[in-house]
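Take a look at the structure below.
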Number of protein chains: 2
Amino acid sequence: MANITKKVSWSSRADESGATAEGTRLLNGSEPRRLIQFSEGRSLFQIGRLSTVDLEEEMMSEEQESLRGRPKEIPHNEKLLSLKYESLDYDNIENQLFLEEERRMGYMNFRCLEISRWVVCGLIGFLTGLIACVIDIVVEQLAGIKYQVVKKLQEPGWVVASLNGLKLKELLPSHSMVRQIQTHCSETVDPPIAAGSGIPQIKCYLNGVKIPRVVRLKTLLVKVFGVICSVVGGLAVGKEGPMIHSGAVVAAGVSQGRSTSLKRDFNYIFEYFRRDTEKRDFVSAGAAAGVSAAFGAPIGGVLFSLEEGASFWNQMLTWRIFFASMISTFTLNFFLSIYHNKPGDLSNPGLINFGRFENNSQSVAYNLYEIPFFIAMGAIGGLLGALFNILNYWLTIFRIRYVHRPCLQVMEAMLVAAVTATVAFTMIYFSNDCQPLSSEHAEEYPLQLFCADGEYNSMATAFFNTPEKSVRSLFHNQPRTYNPLTLGLFTLTYFLLACWTYGLAVSAGVFIPSLLIGAAWGRLCGILLASSGSMWADPGKYALIGAAAQLGGIVRMTLSLTVIMVEATGNVTYGLPIMLVLMTAKIVGDYFVEGLYDIHIKLQSVPFLHWEAPGTSHWLTAREVMSSPVTCLNKIEKVGTIVDTLSNTSTNHNGFPVVVQVTGGDEPAKLCGLILRSQLIVLLKHKVFVELARSRLTQRKLQLKDFRDAYPRFPPIQSIHVSQDERECMMDLTEFMNPTPYTVPQETSLPRVFKLFRALGLRHLVVVDEENRDSKVVGLVTRKDLARYHLGKHGLEELQLAQT
Amino acid sequence: MANITKKVSWSSRADESGATAEGTRLLNGSEPRRLIQFSEGRSLFQIGRLSTVDLEEEMMSEEQESLRGRPKEIPHNEKLLSLKYESLDYDNIENQLFLEEERRMGYMNFRCLEISRWVVCGLIGFLTGLIACVIDIVVEQLAGIKYQVVKKLQEPGWVVASLNGLKLKELLPSHSMVRQIQTHCSETVDPPIAAGSGIPQIKCYLNGVKIPRVVRLKTLLVKVFGVICSVVGGLAVGKEGPMIHSGAVVAAGVSQGRSTSLKRDFNYIFEYFRRDTEKRDFVSAGAAAGVSAAFGAPIGGVLFSLEEGASFWNQMLTWRIFFASMISTFTLNFFLSIYHNKPGDLSNPGLINFGRFENNSQSVAYNLYEIPFFIAMGAIGGLLGALFNILNYWLTIFRIRYVHRPCLQVMEAMLVAAVTATVAFTMIYFSNDCQPLSSEHAEEYPLQLFCADGEYNSMATAFFNTPEKSVRSLFHNQPRTYNPLTLGLFTLTYFLLACWTYGLAVSAGVFIPSLLIGAAWGRLCGILLASSGSMWADPGKYALIGAAAQLGGIVRMTLSLTVIMVEATGNVTYGLPIMLVLMTAKIVGDYFVEGLYDIHIKLQSVPFLHWEAPGTSHWLTAREVMSSPVTCLNKIEKVGTIVDTLSNTSTNHNGFPVVVQVTGGDEPAKLCGLILRSQLIVLLKHKVFVELARSRLTQRKLQLKDFRDAYPRFPPIQSIHVSQDERECMMDLTEFMNPTPYTVPQETSLPRVFKLFRALGLRHLVVVDEENRDSKVVGLVTRKDLARYHLGKHGLEELQLAQT
């Protein structure tokens with residue numbers, strides 16, 4: 001734990017200087033455009049609403065100008081929570097319009113909706129499976145070409161080979177980078193956030209945080225292209241993590257029935273699904289389908305979605321998610337079987353296939369006395385995972401501070417590719433681990449290099465194969481295929497390379513590298529055990545356990561990871577050891593540092609809500625937690641007031657309690673509803689005004705469709721022109737506000753508020769004061785107010801909120 | 001759908017006459033004691049609070065006497081909801097005492113609590129596994145004895161054999177019955193509800209309905225004993241369903257750290273867990289451990305618990321439940337391996353073991369073109385399942401009406417046993433399906449009977465083995481082991497026998513009989529397909545698909561059943577076909593009638609809350625749904641008023657809003673909290689009174705411990721004596737009431753109320769009227785108010801509430 005404290009203080013010192021530097025720049029040059037590019041390059045999530053902020057900044061009035069001078073804080077301090085992330089609204093806005101629509105709908109309409117949900121889930125599964133299939137086939141083809149090139153070049157001499165290999169290796173990932181940069185440059189307002197594995201982003205989305213552009217078609221295209229290049233280029237990355245993100249994008253696109261990138265709108269059919277609640281359900285299904293296609297683990301996929309996302313378990317929803325998962329793995333399997341010229345043979349359920357651990361041979365079934373060894377390996381996995389995470393944490397902070405411009409990022413990626421290739425060739429050169437080429441367990445791509453004829457270099461094979469193949473051969477090759485020294489060196493170098501690669505601005509997953517590292521040292525453990533006289537220690541089995549331990553130590557997932565591993569293994573027998581190992585790895589790892597995804601989420605200052613309020617937070621009540629004072633609107637409000645409220649950048653609220661003045665006069669106003677910024681924007685856009693002093697104009701009757709058409713990209717308030725005359729009009733919010741927002745009294749304890757908020761997926765929770773006999777609005781609890789409290793080393797800690 | 005209407009009208013007609021008959025009896029004889037026995041015998045759940053009701057009836061004042069004449073309605077009409085079931089409180093009562101305790105607790109205390117939760121879960125898993133192990137070993141031993149007896153007797157002639165077999169078969173289940181009756185007689189106030197599989201009861205418990213005595217030690221003992229007798233006795237029952245109930249009982253016992261049956265209290269350690277919220281979590285773990293031990297399906301167990309119970313998914317909780325499951329299957333496996341003299345061989349993860357479906361032989365992996373056949377089989381399963389459920393529904397109604405006394409129930413069980421034996425022997429007699437005894441796939445208990453030497457009678461084997469073994473041989477025996485006619489006849493008779501047996505007053509599961517029926521007709525399908533030229537149709541594979549279809553058609557579980565089947569098969573490959581089959585079976589079956597468990601829950605008129613409010617219920621608001629008027633208590637209330645309120649049997653409320661009178665006078669009172677009947681009872685028992693007109697007495701300071709000690713069996717109000725002087729005292733509720741109950745305004749729509757209620761596991765939801773500027777209490781929404789609305793054939797239907 002001492003480790004963490006040191007780290008934190010180090011980073012916060014660094015933070016101050018960074019902030020000062022940035023502040024100076026701002027005060028001197030006033031280059032707003034440049035500042036934004038700067039922050040863009042800096043963020044792993046490619047910060048959101050920047051164009052909006054930009055617009056707002058330009059439109060800011062003189063008196064607010066002074067605010068700009070305040071140095072923006074760099075969001076890599078985990079003691080900060082960023083205010084820039086908006087929340088999603090997983091609670092239906094039950095306003096009059098909505099209720100009227102629901103009441104009009106008959107039983108048959110609900111049936112049709114239900115059926116169309118199933119159809120959409122089927123489509124999601126199918127498309128996700130198809131994408132996985134495309135990735136797999138392209139990667140395999142390109143890997144084949146690469147192998148042929150290297151093989152041809154190995155006769156004239158290794159220098160040429162290595163140089164050419166290097167070139168090829170550099171070329172491909174940089175290509176992926178270049179593609180990304182192109183997208184960056186051509187559309188600076190809308191760069192897809194295709195870097196990384198995408199899993200932290202999907203976690204955040206399902207948790208209820210709006211990560212801008214996380215589910216766009218462009219993101220998907222760049223992601224798919226990028227992952228192919230990175231994997232073929234030989235970086236220490238996997239193609240599995242990005243599949244989860246891809247599935248989620250597919251789901252968001254299909255369920256909404258339109259794409260802004262394609263400028264297509266398949267209207268009407270899926271119109272009903274255009275709200276956060278429904279979209280989340282489909283995105284869960286998409287993520288599950290992605291996991292399912294990646295690992296051939298449909299049940300694991302469902303559990304992943306539920307573990308990360310669904311706070312409220314619904315039987316039908318789960319069943320639909322499972323359907324999408326099944327269709328996805330089936331589609332992949334089906335098309336791969338055709339590709340492999342064995343149509344109908346359904347034995348390739350996922351992108352990675354651990355191969356069959358046959359239960360016939362006694363050596364593979366485990367024995368009771370092996371369990372302590374497994375637990376010890378789990379502890380090693382936890383330690384190594386924690387080390388990986390700490391190293392990656394430092395690296396990420398370094399990246400945030402120094403490697404923030406696109407050109408630097410490209411250069412870093414190229415450097416990583418070059419170093420990867422160099423290290424690999426050095427290792428191969430100094431390795432003399434030659435293994436005989438046997439016909440039964442033939443490697444697909446054996447490289448001879450300096451070995452005698454009929455032999456191949458096993459280090460070269462480990463480095464040159466796609467990581468999936470290397471994992472499989474570590475699991476299944478005969479004992480004595482690998483030499484312990486090879487494995488040790490491979491573990492060390494691959495560990496460092498993988499750690500360096502994760503967080504690079506390329507599409508890449510961390511699952512497969514983790515498995516590969518774990519399998520290597522696991523097999524090493526197995527070999528060492530076997531050589532010390534334990535004949536039952538099958539190296540393949542220990543490789544599997546090591547892989548589970550390492551992966552568990554890094555990502556710290558629980559049930560879903562167990563199921564994914566069991567399904568990928570295709571054998572239920574290993575359930576217990578895998579669970580024990582993952583549990584040990586999690587306990588040991590959590591003692592030092594959080595999981596990799598959580599670290600990255602924290603470094604982005606995302607207001608992420610965990611499962612429960614911190615244990616020791618019972619002494620806090622809604623009174624201390626809430627944001628106050630709240631800007632309230634009247635039920636019939638002046639348009640000017642609304643525009644001013646929305647334009648006020650200092651209180652950038654998204655939800656406004658609606659109150660009604662009691663006739664008495666001096667009594668405080670009474671809560672009667674809640675309205676969202678997005679709704680007000682739509683109302684202003686459609687000019688739903690009532691002019692006073694004249695007879696009521698034929699006020700345009702808005703329908704739910706108008707709100708749905710605007711969803712999810714509501715324009716900023718600055719883009720809506722309201723004339724001076726219109727400012728004097730009134731707006732009647734009765735129909736549009738949610739008349740029954742959830743409320744809590746001020747004395748409610750934090751855990752109770754938290755539970756309500758989390759279980760219902762709320763965005764705003766109104767705090768009322770019951771003491772004065774009137775339900776007066778005294779505050780508003782939002783996601784950020786709750787995410788602020790977390791359990792640190794010294795008990796409850798409070799994070800600060802920052803605008804960046 | 002027409003089927004259902006007919007049935008319903010039929011039952012409701014019958015209902016009226018039944019009610020009249022009972023009413024007459026009441027008016028004539030006035031035998032309250034007998035009435036109660038009558039209702040006791042009648043109920044499958046062995047109706048709860050009867051002794052209380054009895055007491056209340058005896059204490060009823062004269063003017064209420066007239067009420068008694070009103071005929072009690074018979075609760076077998078599904079248009080009724082019974083008021084006799086109390087709800088559980090899955091929302092913590094955050095009163096001052098609780099908050100003070102939580103605030104006193106430091107970080108380390110929470111850590112210790114967390115660790116003790118894990119320890120408890122480990123214990124639950126261990127004990128559940130042990131029970132499963134005991135059941136398995138005893139059943140196997142007794143089955144061996146039975147086989148030896150029958151084998152010895154088969155030489156002299158089949159008549160003797162059949163007679164003896166009959167006798168043995170009758171003896172054992174009736175023994176189990178006798179044991180139950182003994183318990184009935186010796187403790188009429190407290191008969192364990194050990195009959196049936198226990199799954200509907202556990203479903204209800206996890207849903208939040210208090211089924212009396214469902215988790216008591218005595219229930220467990222009778223259950224275990226009963227299930228052994230029924231299975232060995234040869235009834236068409238399984239020993240798997242009762243395991244789930246057993247696990248739940250173990251969990252409730254261990255987590256509470258005391259047993260009323262044993263009169264032991266391991267106090268302090270587990271005191272913290274004495275509330276509904278915590279207990280539910282442990283019972284979930286117990287149920288999961290039960291499934292896990294029964295089917296060797298730890299993941300399936302977790303999913304079962306989540307599907308049935310946990311409305312709010314919590315990562316740590318799930319992980320703990322998984323731990324309990326794993327420990328359970330591991331314990332079973334370990335002890336069975338010792339029993340089988342192969343210590344350390346972990347290949348028996350569950351009570352039922354489908355055996356290995358090896359993937360090597362091409363014939364077992366399925367092909368794409370087989371999928372339509374699988375789907376068709378799913379449809380057949382759905383149809384047969386619906387037929388099974390409808391038949392069982394009629395039978396249950398018949399039983400409720402005519403077979404309600406213990407002696408009749410014993411006689412019925414004996415009759416079933418006798419008929420089972422007779423039918424079996426008749427079938428065996430007329431069957432000439434002799435199969436050669438081969439050494440490789442030897443049956444454990446081959447019966448020769450009329451076959452030539454070296455052959456055995458396959459019909460006899462199917463009937464004489466334990467159903468688990470029969471299922472396994474249907475899955476794995478060589479093609480041509482069974483003759484189609486044998487299978488057809490076996491399916492038919494076993495279908496009828498199983499249908500008759502389920503709902504009998506013996507401990508019995510429906511899983512294994514369903515699997516057996518399905519495996520039989522599935523294998524038949526496979527044989528027929530193979531004989532029509534499709535050589536790929538492996539009968540074993542089709543037996544598996546048939547088993548899944550039949551089970552899915554009867555119980556209609558979704559994801560959890562898929563996972564259970566996959567885990568029991570030990571092979572992930574069959575995931576997709578099993579899912580397709582279960583989905584088809586559910587869709588087809590749901591078209592006709594609900595699942596078996598839901599039917600039995602409905603027949604018991606349990607206020608069961610489904611996942612979501614009915615789709616077309618948006619036009620209902622809290623105003624229409626709520627119970628009103630509500631009895632409110634003042635913050636400082638007269639003891640006499642409290643006693644009178646609690647004693648009032650006409651409004652048998654369990655939660656009372658606490659209000660405070662505003663000084664103004666004519667203004668309506670304002671809500672300031674919610675207090676439960678159970679809390680008031682404890683307060684009355686400890687005489688926490690303040691005498692007026694004197695100086696404040698040293699009011700005994702109550703602690704949370706006092707409430708926990710009384711949990712969960714709070715005495716009825718009638719057992720607490722309050723003197724006339726004490727009635728004049730006052731009681732200060734401030735410290736004990738929940739000061740922040742959840743409230744909703746009157747206009748809230750039903751789906752919104754439902755979501756809040758279900759997601760948070762509430763018991764009472766206060767409806768306030770915001771219109772009059774004061775948060776005046778206008779009603780209370782309870783579980784029954786919500787469960788009342790359900791989607792019938794003609795849209796939304798409303799069930800009636802009845803006192804029985």
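Here, A, B, ... name the chains of the structure tokens in the order displayed, residue numbers run from 1 inside each chain, and ligands are numbered from 1 in the same displayed order.
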Identify, with DSSP run on backbone atoms, the residues in segment 486-522 of chain A assigned to alpha helix (DSSP H), and express the list as a VMD selection string.
chain A and resid 486 to 501 511 to 522
Given the selection you just returned, output its residues as a file containing N, CA and C atoms, formatted as a PDB file, in the first residue's frame.
```
ATOM      1  N   THR A 486      14.076 -20.559 -22.532  1.00  0.00           N
ATOM      2  CA  THR A 486      13.272 -19.874 -23.551  1.00  0.00           C
ATOM      3  C   THR A 486      12.037 -19.276 -22.923  1.00  0.00           C
ATOM      4  N   LEU A 487      11.348 -20.081 -22.137  1.00  0.00           N
ATOM      5  CA  LEU A 487      10.089 -19.621 -21.532  1.00  0.00           C
ATOM      6  C   LEU A 487      10.329 -18.447 -20.595  1.00  0.00           C
ATOM      7  N   GLY A 488      11.374 -18.549 -19.768  1.00  0.00           N
ATOM      8  CA  GLY A 488      11.663 -17.477 -18.817  1.00  0.00           C
ATOM      9  C   GLY A 488      11.939 -16.167 -19.529  1.00  0.00           C
ATOM     10  N   LEU A 489      12.827 -16.240 -20.538  1.00  0.00           N
ATOM     11  CA  LEU A 489      13.167 -15.022 -21.272  1.00  0.00           C
ATOM     12  C   LEU A 489      11.942 -14.468 -21.993  1.00  0.00           C
ATOM     13  N   PHE A 490      11.172 -15.370 -22.583  1.00  0.00           N
ATOM     14  CA  PHE A 490       9.991 -14.952 -23.319  1.00  0.00           C
ATOM     15  C   PHE A 490       9.020 -14.235 -22.386  1.00  0.00           C
ATOM     16  N   THR A 491       8.800 -14.828 -21.190  1.00  0.00           N
ATOM     17  CA  THR A 491       7.891 -14.204 -20.222  1.00  0.00           C
ATOM     18  C   THR A 491       8.340 -12.784 -19.917  1.00  0.00           C
ATOM     19  N   LEU A 492       9.625 -12.649 -19.601  1.00  0.00           N
ATOM     20  CA  LEU A 492      10.134 -11.345 -19.193  1.00  0.00           C
ATOM     21  C   LEU A 492       9.947 -10.309 -20.293  1.00  0.00           C
ATOM     22  N   THR A 493      10.404 -10.651 -21.494  1.00  0.00           N
ATOM     23  CA  THR A 493      10.330  -9.649 -22.558  1.00  0.00           C
ATOM     24  C   THR A 493       8.890  -9.361 -22.942  1.00  0.00           C
ATOM     25  N   TYR A 494       8.091 -10.403 -23.037  1.00  0.00           N
ATOM     26  CA  TYR A 494       6.719 -10.182 -23.462  1.00  0.00           C
ATOM     27  C   TYR A 494       5.952  -9.380 -22.412  1.00  0.00           C
ATOM     28  N   PHE A 495       6.270  -9.611 -21.148  1.00  0.00           N
ATOM     29  CA  PHE A 495       5.642  -8.858 -20.066  1.00  0.00           C
ATOM     30  C   PHE A 495       5.910  -7.363 -20.255  1.00  0.00           C
ATOM     31  N   LEU A 496       7.168  -7.041 -20.481  1.00  0.00           N
ATOM     32  CA  LEU A 496       7.517  -5.625 -20.612  1.00  0.00           C
ATOM     33  C   LEU A 496       6.917  -5.032 -21.889  1.00  0.00           C
ATOM     34  N   LEU A 497       6.984  -5.809 -22.968  1.00  0.00           N
ATOM     35  CA  LEU A 497       6.434  -5.294 -24.229  1.00  0.00           C
ATOM     36  C   LEU A 497       4.933  -5.068 -24.119  1.00  0.00           C
ATOM     37  N   ALA A 498       4.240  -6.025 -23.531  1.00  0.00           N
ATOM     38  CA  ALA A 498       2.779  -5.911 -23.423  1.00  0.00           C
ATOM     39  C   ALA A 498       2.410  -4.717 -22.557  1.00  0.00           C
ATOM     40  N   CYS A 499       3.176  -4.543 -21.488  1.00  0.00           N
ATOM     41  CA  CYS A 499       2.904  -3.441 -20.576  1.00  0.00           C
ATOM     42  C   CYS A 499       3.110  -2.109 -21.286  1.00  0.00           C
ATOM     43  N   TRP A 500       4.148  -2.049 -22.116  1.00  0.00           N
ATOM     44  CA  TRP A 500       4.413  -0.822 -22.851  1.00  0.00           C
ATOM     45  C   TRP A 500       3.338  -0.588 -23.906  1.00  0.00           C
ATOM     46  N   THR A 501       2.881  -1.675 -24.526  1.00  0.00           N
ATOM     47  CA  THR A 501       1.956  -1.537 -25.645  1.00  0.00           C
ATOM     48  C   THR A 501       0.558  -1.112 -25.191  1.00  0.00           C
ATOM     49  N   PHE A 511      -6.201  -8.915 -23.244  1.00  0.00           N
ATOM     50  CA  PHE A 511      -6.525 -10.278 -22.828  1.00  0.00           C
ATOM     51  C   PHE A 511      -5.474 -11.281 -23.301  1.00  0.00           C
ATOM     52  N   ILE A 512      -5.222 -11.269 -24.597  1.00  0.00           N
ATOM     53  CA  ILE A 512      -4.353 -12.302 -25.165  1.00  0.00           C
ATOM     54  C   ILE A 512      -2.915 -12.153 -24.693  1.00  0.00           C
ATOM     55  N   PRO A 513      -2.352 -10.921 -24.699  1.00  0.00           N
ATOM     56  CA  PRO A 513      -1.006 -10.812 -24.127  1.00  0.00           C
ATOM     57  C   PRO A 513      -0.925 -11.341 -22.705  1.00  0.00           C
ATOM     58  N   SER A 514      -1.957 -11.026 -21.888  1.00  0.00           N
ATOM     59  CA  SER A 514      -1.938 -11.534 -20.510  1.00  0.00           C
ATOM     60  C   SER A 514      -1.944 -13.052 -20.499  1.00  0.00           C
ATOM     61  N   LEU A 515      -2.796 -13.623 -21.306  1.00  0.00           N
ATOM     62  CA  LEU A 515      -2.859 -15.082 -21.343  1.00  0.00           C
ATOM     63  C   LEU A 515      -1.513 -15.659 -21.771  1.00  0.00           C
ATOM     64  N   LEU A 516      -0.898 -14.998 -22.741  1.00  0.00           N
ATOM     65  CA  LEU A 516       0.364 -15.516 -23.259  1.00  0.00           C
ATOM     66  C   LEU A 516       1.460 -15.449 -22.197  1.00  0.00           C
ATOM     67  N   ILE A 517       1.533 -14.312 -21.514  1.00  0.00           N
ATOM     68  CA  ILE A 517       2.530 -14.190 -20.438  1.00  0.00           C
ATOM     69  C   ILE A 517       2.288 -15.276 -19.397  1.00  0.00           C
ATOM     70  N   GLY A 518       1.022 -15.385 -18.981  1.00  0.00           N
ATOM     71  CA  GLY A 518       0.671 -16.358 -17.943  1.00  0.00           C
ATOM     72  C   GLY A 518       0.948 -17.775 -18.393  1.00  0.00           C
ATOM     73  N   ALA A 519       0.599 -18.066 -19.634  1.00  0.00           N
ATOM     74  CA  ALA A 519       0.814 -19.423 -20.128  1.00  0.00           C
ATOM     75  C   ALA A 519       2.309 -19.738 -20.136  1.00  0.00           C
ATOM     76  N   ALA A 520       3.117 -18.737 -20.475  1.00  0.00           N
ATOM     77  CA  ALA A 520       4.561 -18.983 -20.535  1.00  0.00           C
ATOM     78  C   ALA A 520       5.115 -19.290 -19.149  1.00  0.00           C
ATOM     79  N   TRP A 521       4.796 -18.431 -18.166  1.00  0.00           N
ATOM     80  CA  TRP A 521       5.382 -18.744 -16.852  1.00  0.00           C
ATOM     81  C   TRP A 521       4.675 -19.907 -16.191  1.00  0.00           C
ATOM     82  N   GLY A 522       3.414 -20.125 -16.549  1.00  0.00           N
ATOM     83  CA  GLY A 522       2.701 -21.297 -16.024  1.00  0.00           C
ATOM     84  C   GLY A 522       3.347 -22.583 -16.510  1.00  0.00           C
TER      85      GLY A 522
END
```
All residues 12 Å or closer to Ala530 of chain A, only C-alpha atoms, same chain fewer than 3 positions away omitted, as a list in words:
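My reading of the contact set: Ser363, Pro479, Arg480, Pro484, Arg523, Leu524, Cys525, Gly526, Ile527, Gly533, Ser534, Met535, Trp536, Ala537, Asp538, Pro539, Gly540, Lys541 and Tyr542 of chain A.
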Selection export as an mmCIF file, in the first residue's frame, atoms kept: C-alpha atoms:
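Saved as result.cif:
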```cif
data_model
loop_
_atom_site.group_PDB
_atom_site.id
_atom_site.type_symbol
_atom_site.label_atom_id
_atom_site.label_comp_id
_atom_site.auth_asym_id
_atom_site.auth_seq_id
_atom_site.Cartn_x
_atom_site.Cartn_y
_atom_site.Cartn_z
ATOM 1 C CA SER A 363 -2.391 -36.463 -16.797
ATOM 2 C CA PRO A 479 6.160 -31.820 -22.701
ATOM 3 C CA ARG A 480 9.767 -30.968 -23.531
ATOM 4 C CA PRO A 484 12.758 -23.480 -19.508
ATOM 5 C CA ARG A 523 4.305 -23.780 -18.354
ATOM 6 C CA LEU A 524 7.635 -22.920 -16.808
ATOM 7 C CA CYS A 525 6.193 -23.762 -13.366
ATOM 8 C CA GLY A 526 4.872 -27.029 -14.756
ATOM 9 C CA ILE A 527 8.227 -27.955 -16.236
ATOM 10 C CA GLY A 533 9.999 -35.429 -9.617
ATOM 11 C CA SER A 534 6.281 -34.685 -9.824
ATOM 12 C CA MET A 535 5.279 -36.666 -12.823
ATOM 13 C CA TRP A 536 1.669 -35.547 -12.585
ATOM 14 C CA ALA A 537 2.599 -31.980 -13.457
ATOM 15 C CA ASP A 538 1.484 -31.691 -17.045
ATOM 16 C CA PRO A 539 3.020 -28.466 -18.430
ATOM 17 C CA GLY A 540 -0.073 -27.731 -20.544
ATOM 18 C CA LYS A 541 -2.329 -27.789 -17.499
ATOM 19 C CA TYR A 542 -0.024 -25.458 -15.606
#
```
Spatial neighbours of Thr743 of chain B, 7 Å, only C-alpha atoms, chain gap at least 5 places, as a list in words:
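The filter keeps Leu765, Val766, Val767 and Val768 of chain B.
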Would you tabulate, counting only C-alpha atoms, all residues of segment 277-364 of chain B that have an atom at most 10 Å from an atom of segment 301-307 of chain A, showing the closest pair of atoms and their distance in Å to one decimal, sorted by chain then ascending number, as a tab-separated table?
```
residue	atom	partner	partner_atom	distance
B:Leu303	CA	A:Leu303	CA	9.3
B:Trp313	CA	A:Glu307	CA	7.7
B:Asn314	CA	A:Glu307	CA	7.9
B:Gln315	CA	A:Glu307	CA	6.3
B:Met316	CA	A:Glu307	CA	10.0
B:Thr318	CA	A:Glu307	CA	9.1
```
